[in-house]
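Everything below concerns the one structure shown next.
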Amino acid sequence: MYHHLELMSIQARVLYIHDHAGRITTINEPTNQPAPRFFWGQTVAGSIVRFHSDVPNHIIHDIIQFLNQGDSTKRLPNVIHALEKDREIRDLWMGPAFTFHETVKDYTDATLVTEENKYCLEPGFPTLLSELKFRGPCFMVTENNMAVSVCFSARSNDKAAEAGVET
């Protein structure tokens, strides 16, 4: 089993493409959208931090200093302030990450999306239908031959996958 920091490092590598220096460059998706300027993955064992390849070194230095200082309630505002010195922040995303150490084998109503049943995605999930070759495996729950909820591989690499869920 992996340690918390190893898992967070794996998550960063699933989410983003890194350059030779370990900086993030693009989101790990076929569209190659630019990665965010900053990734901060916090665990009970510490944090994993990644910076976009275009973040200036002096900003990185300031942020690392803030992250190593005491009061955790001031870390995020200080990081935001440091990033805004370089340029405006337009988006902020925060959310949990989960790991599953055992596979549940109980029956569910979810069905693997195949060539034969992928038409069920068309009414509610046409974008996913067009991206299936990059999003597999994909499972769906259907009602009246229409997918009403889907779970798919949002991003993946050879070590892990990031699950995407839409309802």
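By order in the structure tokens, chains are A, B, ...; within a chain, residues start at 1; ligands start at 1, following the order shown.
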Sorted by chain and rising residue number, list the residues of region 81-136 of chain A at most 9 Å from region 50-73 of chain A (counting only C-alpha atoms), each with its closest atom pair and distance in Å to one decimal, as a tab-separated table.
residue	atom	partner	partner_atom	distance
A:Ala82	CA	A:Ile59	CA	6.3
A:Leu83	CA	A:Ile59	CA	6.8
A:Lys85	CA	A:Ile59	CA	8.0
A:Asp86	CA	A:Ile59	CA	7.4
File of the preceding selection, N, CA and C atoms, as a PDB file, in the first residue's frame:
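Below is the file again37.pdb, written as the result:
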ATOM      1  N   ALA A  82       0.267  35.784  -3.222  1.00  0.00           N
ATOM      2  CA  ALA A  82       1.546  35.652  -3.939  1.00  0.00           C
ATOM      3  C   ALA A  82       1.305  35.405  -5.430  1.00  0.00           C
ATOM      4  N   LEU A  83       0.359  34.541  -5.758  1.00  0.00           N
ATOM      5  CA  LEU A  83       0.075  34.266  -7.167  1.00  0.00           C
ATOM      6  C   LEU A  83      -0.490  35.495  -7.872  1.00  0.00           C
ATOM      7  N   LYS A  85       0.346  38.494  -7.382  1.00  0.00           N
ATOM      8  CA  LYS A  85       1.425  39.441  -7.690  1.00  0.00           C
ATOM      9  C   LYS A  85       1.916  39.246  -9.121  1.00  0.00           C
ATOM     10  N   ASP A  86       1.827  38.006  -9.597  1.00  0.00           N
ATOM     11  CA  ASP A  86       2.268  37.693 -10.955  1.00  0.00           C
ATOM     12  C   ASP A  86       1.178  38.029 -11.968  1.00  0.00           C
TER      13      ASP A  86
END
Tell me, as a list of chain:residue names, which residues lie within 8 Å of region 155-162 of chain A, counting only C-alpha atoms; anything in the same chain fewer than 3 positions away does not count.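 My list of contacting residues is A:Ile10, A:Gln11, A:Arg13, A:Val14, A:Leu15, A:Asn28, A:Glu29, A:Arg135.
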As a PyMOL selection string, please: all residues of region 13-95 of chain A that backbone DSSP puts in strand (DSSP E). chain A and resi 16-18+24-27+38-43+46-51
For the selection you just gave me, I'd like the residues written to a file as a short mmCIF file (atom, residue, chain, number, x, y, z; two decimals), in the first residue's frame, keeping N, CA and C atoms.
data_model
loop_
_atom_site.label_atom_id
_atom_site.label_comp_id
_atom_site.auth_asym_id
_atom_site.auth_seq_id
_atom_site.Cartn_x
_atom_site.Cartn_y
_atom_site.Cartn_z
N TYR A 16 -1.88 16.02 -14.29
CA TYR A 16 -1.11 16.95 -15.12
C TYR A 16 0.09 16.30 -15.79
N ILE A 17 0.46 16.84 -16.94
CA ILE A 17 1.69 16.46 -17.62
C ILE A 17 2.80 17.34 -17.04
N HIS A 18 3.94 16.74 -16.73
CA HIS A 18 5.07 17.44 -16.13
C HIS A 18 6.21 17.54 -17.14
N ILE A 24 4.42 21.50 -13.95
CA ILE A 24 3.25 21.09 -14.72
C ILE A 24 3.09 21.99 -15.94
N THR A 25 2.68 21.37 -17.05
CA THR A 25 2.56 22.11 -18.30
C THR A 25 1.15 22.10 -18.86
N THR A 26 0.52 20.92 -18.90
CA THR A 26 -0.82 20.80 -19.43
C THR A 26 -1.63 19.85 -18.55
N ILE A 27 -2.94 19.92 -18.72
CA ILE A 27 -3.82 18.96 -18.07
C ILE A 27 -3.68 17.63 -18.81
N PHE A 38 -0.76 26.47 -10.17
CA PHE A 38 -0.36 25.94 -8.86
C PHE A 38 -1.23 24.76 -8.49
N PHE A 39 -0.62 23.70 -7.98
CA PHE A 39 -1.33 22.55 -7.43
C PHE A 39 -0.80 22.32 -6.02
N TRP A 40 -1.73 22.19 -5.08
CA TRP A 40 -1.36 21.95 -3.68
C TRP A 40 -2.21 20.80 -3.19
N GLY A 41 -1.60 19.66 -2.98
CA GLY A 41 -2.29 18.49 -2.46
C GLY A 41 -1.90 18.28 -1.01
N GLN A 42 -2.84 18.45 -0.12
CA GLN A 42 -2.58 18.35 1.32
C GLN A 42 -3.03 17.00 1.84
N THR A 43 -2.18 16.34 2.61
CA THR A 43 -2.53 15.07 3.25
C THR A 43 -2.21 15.17 4.74
N GLY A 46 1.55 15.54 5.09
CA GLY A 46 2.25 16.67 4.49
C GLY A 46 1.60 17.06 3.18
N SER A 47 2.33 17.77 2.36
CA SER A 47 1.74 18.24 1.11
C SER A 47 2.66 17.99 -0.08
N ILE A 48 2.03 17.93 -1.23
CA ILE A 48 2.72 17.86 -2.51
C ILE A 48 2.36 19.14 -3.25
N VAL A 49 3.36 19.82 -3.75
CA VAL A 49 3.15 21.10 -4.42
C VAL A 49 3.77 21.02 -5.81
N ARG A 50 3.04 21.52 -6.79
CA ARG A 50 3.53 21.61 -8.17
C ARG A 50 3.22 23.01 -8.69
N PHE A 51 4.12 23.51 -9.52
CA PHE A 51 3.96 24.82 -10.13
C PHE A 51 3.97 24.68 -11.64
#
So which residues touch Lys118 (chain A) within 12 Å, counting only C-alpha atoms, skipping near sequence neighbours fewer than 4 positions away, as a list in words? Thr111, Leu112, Val113, Thr114, Glu122, Pro123, Gly124, Phe125, Pro126, Leu128, Leu129, Ser130, Glu131, Leu132, Lys133, Gly136, Cys138, Phe139, Met140, Val141, Thr142, Asn145, Met146, Ala147 and Val150 of chain A
Restricting the calculation to only C-alpha atoms: of A:Met8, A:Thr167, A:Pro30, A:Tyr2, which residue gets closest to Pro96 (chain A)? A:Met8
Can you work out the spacing between CA of Ala163 (chain A) and CA of Asp109 (chain A) in Å, to one decimal?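 These two atoms are separated by 17.8 Å.
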